[in-house]
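J.: Okay, here's the structure, questions in a sec.
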Amino acid sequence: LTAAAMIPNFLFARAQGRLQGAGDSRAVVWWSTGAQMAQAVLALVAVLLSAESSAILAILVLTALAGAVGASLQARREAV
């Protein structure tokens with residue numbers, strides 16, 4: 001799962017770069033901060049529920065994937 005997180009994180013960084021290139025640095029801040037907050041909250045919930053470490057790794061993968069998709073869609077809209 002750790003290795004699987006590399007691809008969504010790369011795509012997320014690429015989408016943030018596109019947003020920054022489009023002049024929307026505010027969106028970059030919101031997407032990166034939002035993803036980190038989601039990771040922290042969901043990981044805390046997983047720990048409180050005594051989830052295994054694989055659940056926390058899955059949370060990291062899924063939040064990176066969600067950030068990549070969302071930021072990519074916004075970057076495409078702004079590029080038009």
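In the structure tokens, chains take the letters A, B, ... in the order shown, each chain's residues start at 1, and ligands count up from 1 in the order shown.
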List the neighbours of range 13-24 of chain A out to 8 Å using only C-alpha atoms; skip same-chain residues closer than 3 positions along the sequence, and give me the result as a PyMOL selection string.
T.: chain A and resi 9-10+27-28+31+68+71-72+74-75+78-79
J.: Would you list the contacts of Ala58 in chain A as a CSV table (one decimal) with C-alpha atoms, in the first residue's frame, taking every protein, DNA or RNA residue within 9 Å and counting only C-alpha atoms, but skipping same-chain residues closer than 5 positions in sequence?
T.:
chain,number,residue,atom,x,y,z
A,1,LEU,CA,0.0,0.0,0.0
A,2,THR,CA,2.9,2.4,0.7
A,5,ALA,CA,0.4,5.7,-2.6
A,53,SER,CA,-1.7,-0.2,10.0
A,63,THR,CA,-7.0,10.7,0.3
J.: So what do you get for CA of Ala51 in chain A versus CA of Trp30 in chain A, distance-wise?
T.: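 If I compute the distance from CA of Ala51 in chain A to CA of Trp30 in chain A, I get 28.2 Å.
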J.: Counting only C-alpha atoms, which residue out of A:Leu11, A:Ala35, A:Met6, A:Ala43 sits closest to Val69 in chain A?
T.: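 Of A:Leu11, A:Ala35, A:Met6, A:Ala43, the one nearest Val69 in chain A, counting only C-alpha atoms, is A:Leu11.
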J.: May I ask which of the residues A:Arg76, A:Leu65, A:Ala4, A:Leu60 is the closest one to Met37 in chain A, counting only C-alpha atoms?
T.: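 Among the listed residues, the smallest separation from Met37 in chain A belongs to A:Leu60.
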J.: Rounded to one decimal, what separation in Å do you get between CA of Leu42 in chain A and CA of Val61 in chain A?
T.: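 Going from CA of Leu42 in chain A over to CA of Val61 in chain A, I get 11.8 Å.
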J.: So that I can check the surroundings of Gln39 in chain A, please list as number ranges by chain every protein, DNA and RNA residue that reaches within 12 Å of it, counting only C-alpha atoms and ignoring chain neighbours fewer than 6 positions away.
T.: A: 32-33, 45-47, 55-67
